[in-house]
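These notes are about the structure you will find just below.
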Amino acid sequence: MNVDISGPKILYETEWSLPVLGSFKLTETMVVSWIVMLVITLFCIWLTHDLKVEKISKRQALAEMIVEAADKFVIGNMGQKFAYMIPFVATLFAMSLVSNLISLFGVWSPTADLNTEITWAVVVFIMITIQKIKAGGVGGYLKSFTQPIPVLTPFNILSELSTPISMAFRHFGNILSGVVINGLIYGSLVLASNKLLGLIPGAVGSILSHVPVLAVGLPAILSFYFDWFTGVMQAYIFCVLTTMYIANAADEG
């Protein structure tokens, strides 16, 4: 698979009527993100269509299995009182998973753009802050930055801000590294195939040098790890961190 590692392209740019908003850029990341949301929405509609109480279909059985897995994951990590978080965590996992794996179809992965992970991390950070304020009040939340001694306040603030930053960069770094490594390996094998087969004399060598023989097979095997395994694991880890941080924030009060 030939992977473009040059970064997301700007597909459209225009100026808003309100000058304060500045320039609007429609990037490849935004377009693919909308496609990801559409795919997930259509998949959910297909799964939940024509539900029955008895004699359920395999499609409904799959839907119930997914719901039960989401329930078990969230309640197991956060407790029953956070059952209302199940749709959010499930949506976050689905967005991350599909965004990670969509690169298998030769398009730019939204999670290879740091803006995507930062947006998710900021949302999680806001939810963490809300839980801390609910647990200890505004005063308790602000006072926590001065603990155990006031002189540590700047470091406590930095520690608080490091939460969304570390979440975003961890996910982004693993996904982008997989895209880059796959692209470099594929390009190297194409070049090696061109040079080696070009040593064959005559017209045969000239023709075969344009056929990336060495690039067949190995990139697909490596893709199983860098795309499938890493994509699934990073989506899982991001959701685990989300549930842990939010649950811990509620307990700090």
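Following the order of the structure tokens, first chain is A, next is B, and so on, with residues numbered from 1 inside each chain and ligands from 1 in the order they appear.
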Would you mind listing what lies within 9 Å of Thr163 of chain A as number ranges by chain, with only C-alpha atoms counted and same-chain residues fewer than 5 positions away left out?
A: 121, 125, 158, 168, 245
For segment 75-80 of chain A, list every protein, DNA or RNA residue within 7 Å, evaluated using only C-alpha atoms, and leave out those in the same chain fewer than 2 positions away; present the list as an MDAnalysis selection string.
chainID A and resid 71:73 82:83 243:244 247
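Between atom CA of Phe238 of chain A and atom CA of Met95 of chain A lies a distance of 11.2 Å.
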Mind listing the strand (DSSP E or B) residues of segment 12-245 of chain A, per DSSP on the backbone, as a CSV table (one decimal) with C-alpha atoms, in the first residue's frame?
```csv
chain,number,residue,atom,x,y,z
A,12,TYR,CA,-10.5,24.2,0.0
A,13,GLU,CA,-9.9,27.6,1.4
A,14,THR,CA,-12.1,30.7,1.6
A,15,GLU,CA,-12.8,33.7,3.7
A,23,SER,CA,-9.5,32.1,6.9
A,24,PHE,CA,-11.4,28.8,6.7
A,25,LYS,CA,-9.4,25.8,5.5
A,26,LEU,CA,-11.0,22.5,4.5
A,27,THR,CA,-8.4,19.9,5.0
```
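Compared by their closest atoms to Val123 of chain A, and using only C-alpha atoms, the residues A:Ile165, A:Ala63, A:Leu42, A:Leu101 rank with A:Ile165 nearest.
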Counting only C-alpha atoms, which of A:Thr111, A:Ser166, A:Ser193, A:Asn182 gets nearest to Thr242 of chain A?
A:Ser166
Run DSSP on the backbone of this structure and report the residues of segment 41-163 of chain A it assigns to helix (DSSP H, G or I), as a PyMOL selection string.
chain A and resi 41-47+58-78+80-105+110-112+114-146+150-163
List the spatial neighbours of Pro154 of chain A as a PyMOL selection string - criterion: any atom at most 9 Å away, only C-alpha atoms, same-chain residues fewer than 5 positions off excluded.
chain A and resi 145-146+159
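For the atom pair formed by atom CA of Glu68 of chain A and atom CA of Met37 of chain A, the distance is 21.8 Å, given to one decimal.
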For Ile128 of chain A, which of A:Ile200, A:Leu161, A:Ile66, A:Val190 is the closest residue, counting only C-alpha atoms?
A:Leu161
Of the listed residues A:Ala112, A:Ala94, A:Val39, A:Cys239, that which approaches Leu176 of chain A most closely, counting only C-alpha atoms:
A:Ala112
With distances taken over only C-alpha atoms, which residue among A:Lys134, A:Lys195, A:Arg170, A:Arg59 lies nearest Leu114 of chain A?
A:Arg170
I want to know what sits within 12 Å of Met233 of chain A, based on only C-alpha atoms, with residues of the same chain fewer than 2 positions away left out; could you give that as a ChimeraX atom specification?
/A:93,96-97,100-101,170-171,174-175,225-231,235-240
Convert the current residue selection to file output with N, CA and C atoms, as a PDB file, in the first residue's frame.
```
ATOM      1  N   PHE A  93     -14.291   5.546  21.322  1.00  0.00           N
ATOM      2  CA  PHE A  93     -13.583   4.358  20.856  1.00  0.00           C
ATOM      3  C   PHE A  93     -13.860   4.106  19.375  1.00  0.00           C
ATOM      4  N   SER A  96     -12.007   6.681  17.211  1.00  0.00           N
ATOM      5  CA  SER A  96     -10.568   6.415  17.192  1.00  0.00           C
ATOM      6  C   SER A  96     -10.260   5.172  16.361  1.00  0.00           C
ATOM      7  N   LEU A  97     -11.029   4.117  16.562  1.00  0.00           N
ATOM      8  CA  LEU A  97     -10.774   2.858  15.866  1.00  0.00           C
ATOM      9  C   LEU A  97     -10.925   3.006  14.354  1.00  0.00           C
ATOM     10  N   ASN A 100      -8.285   5.229  12.842  1.00  0.00           N
ATOM     11  CA  ASN A 100      -6.989   4.557  12.757  1.00  0.00           C
ATOM     12  C   ASN A 100      -6.938   3.581  11.589  1.00  0.00           C
ATOM     13  N   LEU A 101      -8.018   2.823  11.389  1.00  0.00           N
ATOM     14  CA  LEU A 101      -8.015   1.746  10.405  1.00  0.00           C
ATOM     15  C   LEU A 101      -8.369   2.199   8.993  1.00  0.00           C
ATOM     16  N   ARG A 170       0.500  10.825  22.808  1.00  0.00           N
ATOM     17  CA  ARG A 170       0.691   9.373  22.856  1.00  0.00           C
ATOM     18  C   ARG A 170      -0.049   8.719  21.689  1.00  0.00           C
ATOM     19  N   HIS A 171      -1.309   9.078  21.522  1.00  0.00           N
ATOM     20  CA  HIS A 171      -2.121   8.497  20.442  1.00  0.00           C
ATOM     21  C   HIS A 171      -1.581   8.919  19.084  1.00  0.00           C
ATOM     22  N   ASN A 174       1.945   7.277  18.048  1.00  0.00           N
ATOM     23  CA  ASN A 174       1.885   5.872  17.659  1.00  0.00           C
ATOM     24  C   ASN A 174       1.255   5.675  16.295  1.00  0.00           C
ATOM     25  N   ILE A 175       0.199   6.430  16.009  1.00  0.00           N
ATOM     26  CA  ILE A 175      -0.471   6.282  14.714  1.00  0.00           C
ATOM     27  C   ILE A 175       0.387   6.847  13.589  1.00  0.00           C
ATOM     28  N   TYR A 225       0.436  -5.248  11.831  1.00  0.00           N
ATOM     29  CA  TYR A 225       0.829  -4.708  13.139  1.00  0.00           C
ATOM     30  C   TYR A 225       0.594  -3.211  13.221  1.00  0.00           C
ATOM     31  N   PHE A 226       1.155  -2.459  12.269  1.00  0.00           N
ATOM     32  CA  PHE A 226       1.123  -1.002  12.360  1.00  0.00           C
ATOM     33  C   PHE A 226      -0.281  -0.431  12.163  1.00  0.00           C
ATOM     34  N   ASP A 227      -1.114  -1.091  11.377  1.00  0.00           N
ATOM     35  CA  ASP A 227      -2.460  -0.572  11.130  1.00  0.00           C
ATOM     36  C   ASP A 227      -3.505  -1.251  12.020  1.00  0.00           C
ATOM     37  N   TRP A 228      -3.565  -2.575  11.964  1.00  0.00           N
ATOM     38  CA  TRP A 228      -4.604  -3.291  12.695  1.00  0.00           C
ATOM     39  C   TRP A 228      -4.341  -3.326  14.194  1.00  0.00           C
ATOM     40  N   PHE A 229      -3.226  -3.941  14.587  1.00  0.00           N
ATOM     41  CA  PHE A 229      -2.949  -4.115  16.008  1.00  0.00           C
ATOM     42  C   PHE A 229      -2.758  -2.772  16.710  1.00  0.00           C
ATOM     43  N   THR A 230      -1.899  -1.923  16.164  1.00  0.00           N
ATOM     44  CA  THR A 230      -1.639  -0.628  16.798  1.00  0.00           C
ATOM     45  C   THR A 230      -2.888   0.238  16.804  1.00  0.00           C
ATOM     46  N   GLY A 231      -3.662   0.203  15.718  1.00  0.00           N
ATOM     47  CA  GLY A 231      -4.880   1.008  15.650  1.00  0.00           C
ATOM     48  C   GLY A 231      -5.883   0.627  16.715  1.00  0.00           C
ATOM     49  N   ALA A 235      -6.760   2.929  20.257  1.00  0.00           N
ATOM     50  CA  ALA A 235      -8.151   3.312  20.564  1.00  0.00           C
ATOM     51  C   ALA A 235      -8.528   2.821  21.953  1.00  0.00           C
ATOM     52  N   TYR A 236      -8.122   1.602  22.275  1.00  0.00           N
ATOM     53  CA  TYR A 236      -8.421   1.026  23.589  1.00  0.00           C
ATOM     54  C   TYR A 236      -7.710   1.795  24.702  1.00  0.00           C
ATOM     55  N   ILE A 237      -6.427   2.071  24.514  1.00  0.00           N
ATOM     56  CA  ILE A 237      -5.653   2.773  25.538  1.00  0.00           C
ATOM     57  C   ILE A 237      -6.193   4.172  25.776  1.00  0.00           C
ATOM     58  N   PHE A 238      -6.564   4.871  24.710  1.00  0.00           N
ATOM     59  CA  PHE A 238      -7.094   6.229  24.859  1.00  0.00           C
ATOM     60  C   PHE A 238      -8.375   6.209  25.694  1.00  0.00           C
ATOM     61  N   CYS A 239      -9.226   5.212  25.470  1.00  0.00           N
ATOM     62  CA  CYS A 239     -10.473   5.113  26.232  1.00  0.00           C
ATOM     63  C   CYS A 239     -10.216   4.679  27.672  1.00  0.00           C
ATOM     64  N   VAL A 240      -9.230   3.811  27.884  1.00  0.00           N
ATOM     65  CA  VAL A 240      -8.872   3.415  29.247  1.00  0.00           C
ATOM     66  C   VAL A 240      -8.405   4.629  30.039  1.00  0.00           C
TER      67      VAL A 240
END
```
List as a list in words the protein and nucleic acid residues near Lys143 of chain A, meaning an atom at most 12 Å away when only C-alpha atoms are counted, but skip any in the same chain fewer than 2 places from it.
Lys132, Ile133, Gly136, Gly137, Val138, Gly139, Gly140, Tyr141, Phe145, Thr146, Gln147, Pro148, Ile149, Pro150, Leu152, Thr153, Asn156, Ile157 and Gly253 of chain A
Restricting it to C-alpha atoms, dump the selection as a short mmCIF file (atom, residue, chain, number, x, y, z; two decimals), in the first residue's frame.
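After the write, again.cif holds the following:
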```cif
data_model
loop_
_atom_site.label_atom_id
_atom_site.label_comp_id
_atom_site.auth_asym_id
_atom_site.auth_seq_id
_atom_site.Cartn_x
_atom_site.Cartn_y
_atom_site.Cartn_z
CA LYS A 132 -13.32 17.74 40.03
CA ILE A 133 -15.50 20.83 40.47
CA GLY A 136 -14.96 19.54 45.63
CA GLY A 137 -16.59 22.73 44.40
CA VAL A 138 -14.85 25.59 42.60
CA GLY A 139 -13.00 26.58 45.74
CA GLY A 140 -11.80 23.05 46.40
CA TYR A 141 -10.67 22.70 42.79
CA PHE A 145 -3.37 23.49 43.03
CA THR A 146 -1.75 24.76 46.25
CA GLN A 147 -1.44 21.29 47.79
CA PRO A 148 0.60 20.14 49.61
CA ILE A 149 2.33 23.54 49.79
CA PRO A 150 1.56 26.78 47.89
CA LEU A 152 4.14 23.93 44.20
CA THR A 153 1.21 25.72 42.53
CA ASN A 156 0.51 21.49 39.88
CA ILE A 157 -0.89 23.64 37.07
CA GLY A 253 -13.12 15.49 45.97
#
```
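You will find atom CA of Gln131 of chain A at 18.0 Å from atom CA of Met167 of chain A.
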So, with only C-alpha atoms as the atoms that count, which of A:Thr29, A:Ser144, A:Thr119, A:Thr48 lies closest to Ile102 of chain A?
A:Thr29
